[in-house]
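Next comes final24.txt, a file with compact mmCIF, C-alpha atoms.
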# COMPACT_ATOMS: atom_id res chain seq x y z
CA MET A 10 -10.36 -3.17 -65.68
CA ASN A 11 -8.43 -0.26 -67.27
CA ARG A 12 -5.42 1.35 -65.67
CA LYS A 13 -7.25 4.60 -64.84
CA LEU A 14 -9.98 2.75 -62.97
CA ILE A 15 -7.40 0.69 -61.07
CA MET A 16 -5.57 3.81 -59.96
CA THR A 17 -8.84 5.39 -58.86
CA CYS A 18 -9.64 2.33 -56.72
CA VAL A 19 -6.18 2.33 -55.22
CA SER A 20 -6.53 5.99 -54.34
CA LEU A 21 -9.88 5.39 -52.67
CA VAL A 22 -8.49 2.50 -50.65
CA ALA A 23 -5.48 4.59 -49.62
CA ALA A 24 -7.71 7.48 -48.62
CA LEU A 25 -9.89 5.13 -46.61
CA ALA A 26 -6.84 3.63 -44.91
CA LEU A 27 -5.52 7.08 -44.05
CA GLY A 28 -8.89 8.00 -42.60
CA VAL A 29 -8.95 4.89 -40.42
CA THR A 30 -5.36 5.49 -39.36
CA ALA A 31 -6.17 9.08 -38.46
CA ALA A 32 -9.16 7.94 -36.41
CA ILE A 33 -7.05 5.35 -34.59
CA ALA A 34 -4.25 7.84 -34.02
CA GLY A 35 -6.68 9.99 -32.09
CA THR A 36 -7.22 7.07 -29.73
CA VAL A 37 -4.13 4.84 -29.70
CA ARG A 38 -0.72 6.09 -30.71
CA GLY A 39 1.11 3.98 -33.24
CA GLY A 40 3.50 1.61 -31.47
CA ALA A 41 2.22 2.65 -28.03
CA ASP A 42 2.06 0.21 -25.15
CA PRO A 43 -1.37 -1.12 -24.17
CA GLY A 44 -3.44 1.14 -21.96
CA VAL A 45 -2.03 4.43 -23.25
CA THR A 46 -3.73 6.72 -25.77
CA ASP A 47 -3.20 10.36 -26.59
CA ASN A 48 -5.71 11.29 -23.93
CA SER A 49 -5.90 8.42 -21.43
CA ILE A 50 -3.98 6.01 -19.22
CA LEU A 51 -5.55 2.81 -17.93
CA LEU A 52 -4.26 1.47 -14.61
CA GLY A 53 -5.49 -1.74 -13.00
CA GLY A 54 -5.18 -3.45 -9.66
CA THR A 55 -6.66 -5.90 -7.19
CA ALA A 56 -8.24 -5.16 -3.82
CA PRO A 57 -10.06 -7.16 -1.12
CA LEU A 58 -13.55 -5.79 -1.71
CA THR A 59 -14.81 -8.89 0.08
CA GLY A 60 -13.21 -11.48 2.36
CA PRO A 61 -11.31 -11.38 5.66
CA ALA A 62 -9.46 -8.15 4.88
CA SER A 63 -12.25 -6.17 3.21
CA GLN A 64 -11.47 -3.16 5.45
CA TYR A 65 -8.49 -2.55 3.17
CA ALA A 66 -10.77 -1.83 0.20
CA SER A 67 -10.47 1.80 1.33
CA VAL A 68 -6.94 1.84 -0.11
CA ALA A 69 -8.33 1.40 -3.63
CA ARG A 70 -11.26 3.76 -3.10
CA GLY A 71 -9.02 6.54 -1.84
CA ALA A 72 -6.80 6.25 -4.92
CA GLU A 73 -9.83 6.21 -7.22
CA ALA A 74 -11.20 9.38 -5.63
CA PHE A 75 -7.87 11.17 -6.12
CA PHE A 76 -7.68 10.20 -9.80
CA LYS A 77 -11.20 11.54 -10.36
CA TYR A 78 -10.17 14.80 -8.72
CA LEU A 79 -6.98 14.96 -10.77
CA ASN A 80 -8.86 14.35 -14.03
CA ALA A 81 -11.50 16.97 -13.22
CA THR A 82 -9.17 19.72 -12.01
CA LYS A 83 -5.89 19.09 -13.84
CA GLY A 84 -6.96 17.13 -16.90
CA GLY A 85 -5.02 14.12 -15.60
CA VAL A 86 -1.28 13.86 -16.27
CA ASN A 87 0.42 15.39 -19.32
CA GLY A 88 -2.97 15.73 -21.00
CA ARG A 89 -4.04 12.15 -20.29
CA LYS A 90 -6.85 11.31 -17.89
CA ILE A 91 -6.28 8.32 -15.63
CA THR A 92 -8.78 5.49 -15.42
CA TYR A 93 -8.26 3.13 -12.50
CA LYS A 94 -9.93 -0.27 -12.67
CA TYR A 95 -9.60 -2.41 -9.56
CA SER A 96 -11.04 -5.90 -9.19
CA ASP A 97 -11.90 -7.99 -6.15
CA ASP A 98 -9.56 -10.84 -5.20
CA ALA A 99 -11.18 -11.41 -1.76
CA TYR A 100 -7.68 -11.28 -0.17
CA ASN A 101 -6.95 -14.66 -1.75
CA PRO A 102 -3.67 -15.00 -3.71
CA ALA A 103 -5.22 -17.81 -5.77
CA GLN A 104 -7.75 -15.28 -7.05
CA SER A 105 -5.20 -12.49 -7.49
CA VAL A 106 -3.48 -14.36 -10.33
CA PRO A 107 -6.41 -14.84 -12.76
CA VAL A 108 -7.82 -11.40 -11.96
CA THR A 109 -4.46 -9.77 -12.71
CA ARG A 110 -4.06 -11.74 -15.93
CA GLN A 111 -7.49 -10.53 -17.01
CA LEU A 112 -6.52 -6.93 -16.33
CA VAL A 113 -3.40 -7.32 -18.46
CA GLU A 114 -4.60 -9.56 -21.29
CA GLN A 115 -8.25 -8.59 -21.66
CA ASP A 116 -8.59 -5.10 -20.21
CA LYS A 117 -5.15 -4.12 -21.60
CA VAL A 118 -4.03 -2.02 -18.64
CA PHE A 119 -0.85 0.01 -18.99
CA ALA A 120 0.33 -0.94 -15.51
CA VAL A 121 -0.85 -2.67 -12.35
CA PHE A 122 -1.05 -0.23 -9.46
CA ASN A 123 -1.76 -0.35 -5.73
CA SER A 124 -2.70 -4.05 -5.55
CA LEU A 125 -3.00 -5.01 -1.92
CA GLY A 126 -1.41 -7.85 0.01
CA THR A 127 2.02 -9.43 0.31
CA ALA A 128 1.31 -12.97 -0.84
CA HIS A 129 -1.00 -11.60 -3.50
CA ASN A 130 1.64 -9.36 -5.09
CA VAL A 131 4.30 -12.05 -4.78
CA ALA A 132 2.01 -14.43 -6.66
CA VAL A 133 1.63 -12.13 -9.69
CA ARG A 134 5.11 -10.58 -9.70
CA PRO A 135 6.85 -13.17 -11.95
CA TYR A 136 4.06 -12.92 -14.52
CA LEU A 137 4.03 -9.11 -14.59
CA ASN A 138 7.80 -8.89 -14.89
CA ALA A 139 7.85 -11.50 -17.67
CA MET A 140 5.24 -9.40 -19.50
CA LYS A 141 7.20 -6.22 -18.67
CA VAL A 142 4.11 -4.69 -17.10
CA PRO A 143 4.97 -2.24 -14.30
CA GLN A 144 3.78 -3.37 -10.87
CA LEU A 145 3.53 0.02 -9.23
CA PHE A 146 3.61 0.97 -5.56
CA VAL A 147 2.23 -2.30 -4.28
CA ALA A 148 0.15 -1.92 -1.11
CA SER A 149 2.44 -4.04 1.02
CA GLY A 150 5.61 -3.35 2.96
CA ALA A 151 7.30 -6.67 2.24
CA THR A 152 11.08 -6.34 2.21
CA THR A 153 11.28 -8.31 -1.03
CA TRP A 154 10.06 -5.36 -3.13
CA GLY A 155 13.29 -3.48 -2.48
CA ARG A 156 15.64 -6.40 -1.78
CA ASP A 157 14.84 -8.29 -4.98
CA TYR A 158 14.51 -5.31 -7.28
CA SER A 159 17.30 -6.45 -9.63
CA GLN A 160 15.43 -9.71 -10.27
CA TYR A 161 12.05 -7.99 -10.67
CA PRO A 162 12.79 -4.54 -12.08
CA TYR A 163 9.18 -3.77 -12.99
CA THR A 164 8.02 -4.05 -9.36
CA ILE A 165 8.25 -1.29 -6.78
CA GLY A 166 6.85 -0.90 -3.26
CA PHE A 167 5.63 2.22 -1.52
CA GLN A 168 5.27 2.22 2.25
CA PRO A 169 8.09 1.64 4.77
CA SER A 170 9.18 -1.97 4.64
CA TYR A 171 7.86 -4.26 7.34
CA GLN A 172 11.44 -4.98 8.30
CA ALA A 173 12.04 -1.26 8.84
CA GLU A 174 8.82 -0.95 10.83
CA GLY A 175 9.73 -3.91 13.04
CA TRP A 176 13.23 -2.48 13.55
CA VAL A 177 11.77 0.79 14.86
CA TYR A 178 9.65 -1.10 17.40
CA GLY A 179 12.74 -3.03 18.48
CA LYS A 180 14.86 0.07 18.89
CA TYR A 181 12.11 1.85 20.79
CA LEU A 182 11.57 -1.03 23.22
CA ALA A 183 15.31 -1.48 23.71
CA ARG A 184 15.57 2.18 24.74
CA THR A 185 12.41 2.51 26.84
CA ALA A 186 11.73 -0.94 28.32
CA PRO A 187 15.06 -2.51 29.33
CA GLY A 188 14.62 -6.12 30.32
CA ALA A 189 11.20 -6.44 28.66
CA LYS A 190 10.08 -9.91 27.59
CA ILE A 191 8.23 -9.87 24.28
CA ALA A 192 5.69 -12.30 22.85
CA VAL A 193 4.75 -12.01 19.19
CA LEU A 194 1.60 -13.00 17.29
CA PHE A 195 2.35 -12.94 13.57
CA GLN A 196 0.70 -13.84 10.29
CA ASN A 197 2.49 -16.88 8.86
CA ASP A 198 3.75 -15.35 5.61
CA ASP A 199 6.30 -12.77 4.48
CA TYR A 200 4.13 -10.02 5.97
CA GLY A 201 4.34 -11.30 9.54
CA LYS A 202 7.82 -12.81 9.23
CA ASP A 203 9.31 -9.54 7.96
CA LEU A 204 7.89 -7.64 10.91
CA LEU A 205 9.17 -10.26 13.35
CA GLY A 206 12.61 -10.27 11.72
CA GLY A 207 12.81 -6.48 11.87
CA LEU A 208 11.79 -6.47 15.53
CA LYS A 209 14.56 -8.93 16.42
CA ARG A 210 17.07 -6.90 14.44
CA GLY A 211 16.11 -3.74 16.34
CA LEU A 212 16.57 -5.57 19.65
CA GLN A 213 20.11 -6.71 18.89
CA ARG A 214 22.69 -5.83 21.54
CA SER A 215 19.95 -5.03 24.07
CA LYS A 216 18.58 -6.85 27.11
CA VAL A 217 15.08 -6.97 25.62
CA LYS A 218 14.26 -10.38 24.16
CA VAL A 219 11.57 -12.09 22.13
CA ILE A 220 10.79 -15.09 24.33
CA ALA A 221 7.83 -16.52 22.38
CA ALA A 222 6.34 -16.22 18.90
CA GLN A 223 3.16 -17.80 17.57
CA PRO A 224 2.11 -17.82 13.89
CA TYR A 225 -1.44 -18.00 12.59
CA GLU A 226 -2.83 -18.71 9.13
CA VAL A 227 -5.09 -16.33 7.24
CA THR A 228 -7.62 -19.15 7.07
CA SER A 229 -7.58 -19.74 10.85
CA PRO A 230 -10.93 -19.22 12.61
CA ASP A 231 -9.30 -17.41 15.54
CA VAL A 232 -6.07 -16.97 17.50
CA ALA A 233 -7.28 -18.12 20.92
CA SER A 234 -4.75 -20.92 21.28
CA GLN A 235 -1.88 -18.69 20.15
CA ILE A 236 -2.71 -16.00 22.70
CA ALA A 237 -2.98 -18.62 25.47
CA LYS A 238 0.49 -19.94 24.61
CA LEU A 239 1.96 -16.44 24.45
CA LYS A 240 0.50 -15.57 27.87
CA ALA A 241 1.96 -18.77 29.31
CA SER A 242 5.42 -17.65 28.20
CA GLY A 243 5.50 -15.01 30.94
CA ALA A 244 5.93 -12.13 28.48
CA ASP A 245 5.08 -8.61 29.61
CA THR A 246 4.83 -7.13 26.09
CA LEU A 247 2.73 -8.38 23.17
CA ALA A 248 3.58 -7.45 19.59
CA ILE A 249 0.65 -8.02 17.23
CA PHE A 250 1.66 -8.36 13.58
CA ALA A 251 -1.64 -9.22 11.97
CA THR A 252 -4.65 -8.01 9.99
CA PRO A 253 -7.56 -6.23 11.72
CA THR A 254 -9.79 -9.22 12.52
CA PHE A 255 -7.02 -11.19 14.21
CA ALA A 256 -5.62 -8.14 15.97
CA ILE A 257 -9.01 -7.45 17.54
CA GLN A 258 -9.21 -11.10 18.59
CA ALA A 259 -5.76 -10.85 20.17
CA TYR A 260 -6.90 -8.01 22.45
CA GLN A 261 -10.16 -9.81 23.25
CA PHE A 262 -8.56 -13.15 24.13
CA ALA A 263 -5.82 -11.49 26.19
CA ASN A 264 -8.52 -9.64 28.11
CA LYS A 265 -10.48 -12.86 28.76
CA LEU A 266 -7.33 -14.49 30.12
CA GLY A 267 -6.64 -11.54 32.41
CA TRP A 268 -3.37 -10.85 30.61
CA LYS A 269 -2.46 -7.17 30.52
CA PRO A 270 0.82 -6.80 28.61
CA LYS A 271 2.05 -3.66 26.92
CA HIS A 272 1.16 -3.69 23.22
CA VAL A 273 2.83 -2.98 19.92
CA ILE A 274 0.71 -3.23 16.78
CA ASN A 275 1.77 -2.86 13.17
CA ASN A 276 0.70 0.09 11.05
CA ALA A 277 -1.40 -1.93 8.61
CA VAL A 278 -3.73 -2.71 11.53
CA ALA A 279 -3.41 0.63 13.32
CA SER A 280 -4.45 2.54 10.19
CA ALA A 281 -7.66 0.57 9.67
CA SER A 282 -10.41 2.93 10.83
CA THR A 283 -12.33 0.78 13.30
CA THR A 284 -9.72 -1.65 14.61
CA MET A 285 -8.75 0.22 17.74
CA GLN A 286 -12.30 1.36 18.55
CA ILE A 287 -13.57 -2.23 18.38
CA ALA A 288 -10.58 -3.48 20.35
CA SER A 289 -11.29 -0.84 23.00
CA SER A 290 -14.90 -1.91 23.45
CA ALA A 291 -16.34 -4.21 26.12
CA GLY A 292 -14.23 -2.78 28.92
CA GLN A 293 -10.90 -3.28 27.15
CA ASN A 294 -10.01 0.40 26.86
CA LYS A 295 -7.35 0.22 29.57
CA LEU A 296 -5.80 -2.80 27.84
CA VAL A 297 -5.65 -1.01 24.49
CA ASN A 298 -4.45 2.34 25.80
CA SER A 299 -0.74 3.08 25.30
CA THR A 300 -0.47 0.68 22.33
CA ILE A 301 2.46 1.73 20.15
CA SER A 302 2.53 1.80 16.35
CA ILE A 303 4.08 3.87 13.54
CA GLN A 304 2.75 6.29 10.95
CA PHE A 305 4.06 7.99 7.82
CA LEU A 306 0.85 9.61 6.57
CA LYS A 307 -1.36 12.33 7.97
CA ASP A 308 -4.22 10.93 10.03
CA PRO A 309 -7.60 12.54 9.27
CA THR A 310 -8.71 11.84 12.87
CA ASP A 311 -5.74 13.65 14.44
CA PRO A 312 -6.78 17.16 15.62
CA LYS A 313 -3.34 18.54 14.71
CA TRP A 314 -4.26 18.27 11.00
CA LYS A 315 -7.71 19.86 11.35
CA ASN A 316 -6.69 23.07 9.58
CA ASP A 317 -4.00 21.54 7.39
CA PRO A 318 -4.59 22.47 3.72
CA ALA A 319 -3.87 18.90 2.57
CA MET A 320 -6.41 17.44 4.96
CA LYS A 321 -8.97 20.02 3.87
CA LEU A 322 -8.27 18.99 0.28
CA TYR A 323 -8.56 15.33 1.27
CA ARG A 324 -11.95 15.84 2.84
CA SER A 325 -13.23 17.85 -0.12
CA ILE A 326 -12.11 15.10 -2.51
CA MET A 327 -13.80 12.44 -0.42
CA LYS A 328 -17.01 14.48 -0.16
CA LYS A 329 -17.24 14.99 -3.92
CA TYR A 330 -15.81 11.78 -5.36
CA ALA A 331 -16.49 9.19 -2.63
CA PRO A 332 -19.46 10.64 -0.73
CA SER A 333 -20.60 7.35 0.78
CA ALA A 334 -17.15 6.45 2.15
CA ASN A 335 -15.89 7.13 5.67
CA ALA A 336 -13.56 10.13 5.37
CA SER A 337 -12.18 9.41 8.85
CA ASP A 338 -10.65 6.15 7.61
CA PRO A 339 -6.86 6.71 7.30
CA LEU A 340 -6.66 4.00 4.63
CA HIS A 341 -8.29 6.43 2.20
CA VAL A 342 -5.36 8.78 2.86
CA TYR A 343 -2.97 5.92 2.04
CA GLY A 344 -4.73 5.44 -1.29
CA MET A 345 -4.53 9.14 -2.12
CA ALA A 346 -0.86 9.35 -1.16
CA SER A 347 -0.07 6.40 -3.41
CA ALA A 348 -2.15 7.86 -6.28
CA TRP A 349 -0.42 11.23 -5.90
CA THR A 350 2.94 9.49 -6.14
CA VAL A 351 2.10 7.42 -9.21
CA SER A 352 0.73 10.55 -10.88
CA ASP A 353 4.04 12.29 -10.21
CA ALA A 354 5.92 9.30 -11.65
CA LEU A 355 3.78 9.28 -14.80
CA LYS A 356 4.37 12.99 -15.23
CA LYS A 357 8.14 12.61 -14.90
CA ALA A 358 8.14 9.70 -17.35
CA GLY A 359 7.24 12.24 -20.02
CA LYS A 360 4.63 12.75 -22.70
CA ASN A 361 6.04 9.91 -24.78
CA LEU A 362 4.90 7.49 -22.09
CA THR A 363 5.88 3.83 -22.33
CA ARG A 364 6.21 1.06 -19.80
CA GLU A 365 9.97 1.22 -20.26
CA SER A 366 10.18 4.99 -19.81
CA LEU A 367 8.23 4.64 -16.58
CA ARG A 368 10.49 1.82 -15.34
CA LYS A 369 13.57 3.94 -16.00
CA THR A 370 11.99 6.93 -14.26
CA LEU A 371 11.43 4.86 -11.12
CA ASP A 372 15.06 3.67 -11.09
CA THR A 373 16.18 7.05 -9.76
CA PHE A 374 13.04 8.73 -8.54
CA THR A 375 12.51 11.54 -6.07
CA SER A 376 9.00 12.66 -5.27
CA ALA A 377 8.83 15.33 -2.60
CA GLY A 378 5.92 17.43 -1.44
CA ASN A 379 3.28 14.71 -1.27
CA PRO A 380 0.60 16.61 0.67
CA PHE A 381 -0.78 13.48 2.33
CA MET A 382 2.53 12.38 3.86
CA LEU A 383 3.98 13.62 7.12
CA PRO A 384 6.25 16.64 6.75
CA GLY A 385 9.84 15.71 5.94
CA ILE A 386 9.02 12.34 4.36
CA ALA A 387 9.76 11.91 0.67
CA VAL A 388 9.56 9.04 -1.81
CA LYS A 389 13.03 8.31 -3.16
CA THR A 390 14.90 5.58 -5.01
CA ALA A 391 18.51 5.64 -6.12
CA GLY A 392 21.03 3.08 -7.27
CA LYS A 393 20.50 -0.15 -5.37
CA ASP A 394 18.14 1.47 -2.89
CA HIS A 395 14.59 0.74 -4.05
CA TYR A 396 12.81 1.26 -0.77
CA PRO A 397 10.74 4.37 -1.63
CA VAL A 398 9.76 5.41 1.93
CA GLU A 399 12.23 4.87 4.75
CA GLN A 400 11.06 7.32 7.41
CA MET A 401 8.25 7.13 9.96
CA LEU A 402 7.02 8.45 13.29
CA LEU A 403 5.99 6.53 16.37
CA GLN A 404 2.44 7.00 17.63
CA LYS A 405 0.54 6.01 20.77
CA TRP A 406 -3.13 5.13 21.20
CA GLN A 407 -4.56 7.17 24.05
CA ASN A 408 -8.12 8.31 24.78
CA ASN A 409 -9.52 6.72 21.62
CA ALA A 410 -7.10 8.42 19.24
CA TRP A 411 -3.60 8.08 17.85
CA SER A 412 -1.06 10.72 18.77
CA SER A 413 2.42 10.85 17.27
CA PHE A 414 5.47 11.58 19.38
CA GLY A 415 9.21 12.04 18.99
CA GLY A 416 11.07 12.76 15.78
CA LEU A 417 11.33 10.93 12.47
CA TRP A 418 12.93 7.51 12.51
CA GLY A 419 15.01 6.65 9.47
CA TYR A 420 15.91 3.18 8.30
CA ARG A 421 18.24 2.20 5.49
CA ALA A 422 18.32 -1.44 4.41
CA SER A 423 21.74 -3.01 4.36
Take the structure I supplied and represent it as structure tokens, if you would.
Amino acid sequence: MNRKLIMTCVSLVAALALGVTAAIAGTVRGGADPGVTDNSILLGGTAPLTGPASQYASVARGAEAFFKYLNATKGGVNGRKITYKYSDDAYNPAQSVPVTRQLVEQDKVFAVFNSLGTAHNVAVRPYLNAMKVPQLFVASGATTWGRDYSQYPYTIGFQPSYQAEGWVYGKYLARTAPGAKIAVLFQNDDYGKDLLGGLKRGLQRSKVKVIAAQPYEVTSPDVASQIAKLKASGADTLAIFATPTFAIQAYQFANKLGWKPKHVINNAVASASTTMQIASSAGQNKLVNSTISIQFLKDPTDPKWKNDPAMKLYRSIMKKYAPSANASDPLHVYGMASAWTVSDALKKAGKNLTRESLRKTLDTFTSAGNPFMLPGIAVKTAGKDHYPVEQMLLQKWQNNAWSSFGGLWGYRAS
């Protein structure tokens, strides 16, 4: 082969290579992290689409609806549309691990976002941090997300910590029910234990005491024996730190036993759309009335937000992008609030988006003006404080609806 022909072949190969490179560059930027192209971002997560906590699937669906709205009206974030792929783990940590690995290694997601459940996120956290894949705004209030940030810098929570939530209940009871005797039903994992620990911390230096506490397992058929033991303690107040199915059972079994304590119930149960209505059925309305919980998001069922622009936007998004879903389910609002926040974080991480640039952005992050959060509540991290939301309001169940009262409670982890 003569030299001229060789040079011609080389030129053709080079031109072909440049053409392929140009085509790829339009899709995946050279050196970019997985899941990011010039015009897209792929987020992944797990959700209990089936199983004992399937009511919480609304958290993922609400986020998905917001991303569709954002893509259609704003073109996504910094010119990139967001695709959100969430997979079912049936609220089983043993399933969360392989599903998350598939999202990272096969689907090539940029980050894992909004995965639900304490034990589930704990199970995948070491893997995601070893892979340096951001674990964003996990749908759990476990204290470990903020407390152990230095060990797991790619993981960040979202909602008020369970310890903070429990502390508010403790402080409230100490102020309003001096001498109360509290019994606690709690899920036997970090979720329930954090709430119980926070409650006891809030009761310190008061005459209100926790006199009995009964754990239950997620795999338990019911909590009948636990409620019987708690009633036998002589407590006049029952704190329910559970998931919806077991919380409903707690009301039902207490009613059957003729036990009529005052009730405190954690937000993760209170915000599930049908929990309180079901618990109120079969003549239990008087038992359920005056139950106390907390909130940090706007409730679509609360009349005070009927004409609120954010709630009008929420309902329009649900109508267009999730028409078959129940727009009165507050868990959809949670999903949208979380999606709004991650969109703000991606925007602030800049156009040259990488996993590392996003991690650094979240080190010192302030996100104010989230339309789905209660007025005055912002998402903020700074220095060693990696608890994004630390404010909340108390609310009371009365006449088949939640109604907030008092001012904002603030909690800062020590």
Open item on the list: If we count all atoms listed in the file and set the cut-off at 6 Å, which residues sit around segment 218-224 of chain A, ignoring sequence neighbours fewer than 5 positions away in its own chain? Please answer as a PyMOL selection string.
Closed with: chain A and resi 190-197+235
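Proximity to Asn294 of chain A was assessed for A:Lys269, A:Ala56, A:Arg184, A:Lys238 counting only C-alpha atoms; the smallest distance is recorded for A:Lys269.
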TODO: Name all residues at most 8 Å from Leu208 of chain A (count all atoms listed in the file; drop same-chain ones fewer than 2 positions away) and give them as a list in words.
DONE: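 Contacts, with the query itself left out: Gln172, Glu174, Gly175, Trp176, Val177, Tyr178, Gly179, Lys180, Leu204, Leu205, Gly206, Arg210, Gly211 and Leu212 of chain A.
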Task: Between atom CA of Ala410 of chain A and atom CA of Lys328 of chain A - distance in Å to one decimal - done: 22.6 Å
Open item on the list: Let me make sure I understand: among A:Leu125, A:Ala41, A:Ala277, A:Ile249, which one has the smallest atom-to-atom distance to Pro169 of chain A if we use all atoms listed in the file?
Closed with: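 Smallest separation from Pro169 of chain A among the options: A:Ala277.
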Got a sec: who's within 8 Å of Lys240 of chain A, counting all atoms listed in the file, leaving out chain neighbours fewer than 4 positions off, as a compact mmCIF listing (two decimals) with C-alpha atoms, in the frame of the given file?
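Saved the output as part.txt:
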# COMPACT_ATOMS: atom_id res chain seq x y z
CA ALA A 192 5.69 -12.30 22.85
CA ILE A 236 -2.71 -16.00 22.70
CA ALA A 244 5.93 -12.13 28.48
CA ALA A 263 -5.82 -11.49 26.19
CA TRP A 268 -3.37 -10.85 30.61
Task: Pairwise distance for atom CA of Asn275 of chain A and atom CA of Thr300 of chain A, rounded to one decimal in Å - done: 10.1 Å
- [ ] In Å, rounded to a single decimal, give me how far atom CA of Leu112 of chain A is from atom CA of Asp198 of chain A.
- [x] 25.6 Å
Can you pull out every residue within 12 Å of Lys295 of chain A, counting all atoms listed in the file, but drop anything in the same chain fewer than 4 positions away, and send it as a short mmCIF file (atom, residue, chain, number, x, y, z; two decimals) with C-alpha atoms, in the coordinates of the input?
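Everything below was put into out39.cif:
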data_model
loop_
_atom_site.label_atom_id
_atom_site.label_comp_id
_atom_site.auth_asym_id
_atom_site.auth_seq_id
_atom_site.Cartn_x
_atom_site.Cartn_y
_atom_site.Cartn_z
CA TYR A 260 -6.90 -8.01 22.45
CA ASN A 264 -8.52 -9.64 28.11
CA TRP A 268 -3.37 -10.85 30.61
CA LYS A 269 -2.46 -7.17 30.52
CA PRO A 270 0.82 -6.80 28.61
CA LYS A 271 2.05 -3.66 26.92
CA HIS A 272 1.16 -3.69 23.22
CA MET A 285 -8.75 0.22 17.74
CA ALA A 288 -10.58 -3.48 20.35
CA SER A 289 -11.29 -0.84 23.00
CA SER A 290 -14.90 -1.91 23.45
CA ALA A 291 -16.34 -4.21 26.12
CA SER A 299 -0.74 3.08 25.30
CA THR A 300 -0.47 0.68 22.33
CA TRP A 406 -3.13 5.13 21.20
CA GLN A 407 -4.56 7.17 24.05
CA ASN A 408 -8.12 8.31 24.78
CA ASN A 409 -9.52 6.72 21.62
#
Could you make a table, as CSV, of the residues of segment 117-231 of chain A that have an atom within 12 Å of an atom of segment 64-71 of chain A, each with its nearest atom pair and distance in Å to one decimal, counting only C-alpha atoms, in chain and number order?
residue,atom,partner,partner_atom,distance
A:Phe122,CA,A:Ala69,CA,9.5
A:Asn123,CA,A:Ala69,CA,7.1
A:Ser124,CA,A:Ala69,CA,8.1
A:Leu125,CA,A:Tyr65,CA,7.9
A:Gly126,CA,A:Tyr65,CA,9.4
A:Phe146,CA,A:Val68,CA,11.9
A:Val147,CA,A:Val68,CA,10.9
A:Ala148,CA,A:Val68,CA,8.1
A:Ser149,CA,A:Val68,CA,11.1
Task: Among the residues A:Phe119, A:Tyr171, A:Trp314, A:Phe381, the one that comes closest to Tyr396 of chain A [using all atoms listed in the file] - done: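 Using all atoms listed in the file, the shortest distance to Tyr396 of chain A belongs to A:Tyr171.
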Task: Residue among A:Asn87, A:Gly267, A:Trp349, A:Phe305 lying closest to Ala241 of chain A, counting all atoms listed in the file - done: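 Among the listed residues, A:Gly267 lies closest to Ala241 of chain A.
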- [ ] Rank nothing, just name the residue among A:Ser376, A:Thr185, A:Thr46, A:Thr82 nearest to Val118 of chain A, using all atoms listed in the file.
- [x]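 Checking each of A:Ser376, A:Thr185, A:Thr46, A:Thr82 against Val118 of chain A, counting all atoms listed in the file, the winner is A:Thr46.
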- [ ] Check the smallest atom-to-atom distance from each of A:Leu145, A:Ala74, A:Ala319, A:Ala62 to Thr254 of chain A using all atoms listed in the file, then report the winner.
- [x]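 Ranked by minimum distance to Thr254 of chain A, first place goes to A:Ala62.
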TODO: Please return, as a PyMOL selection string, all polymer residues that have at least one atom within 9 Å of the point (4.7, 3.8, 2.5); use all atoms listed in the file and the file's own coordinate frame.
DONE: chain A and resi 146+148-150+166-170+305-306+343+346-347+382+388+397-401
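Excluding Lys90 of chain A and any residue on its chain fewer than 4 positions from it, the residues at most 7 Å away by only C-alpha atoms are Asn48, Ser49, Ile50, Asn80, Gly84, Gly85 and Val86 of chain A.
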Taking all atoms of segment 394-404 of chain A that the file lists, what box with edges along x, y and z, padded by 6 Å per side, do you get, with centre and edge lengths in Å to one decimal, as lines of an AutoDock Vina configuration file?
center_x = 10.3
center_y = 4.6
center_z = 6.8
size_x = 27.7
size_y = 19.7
size_z = 33.7
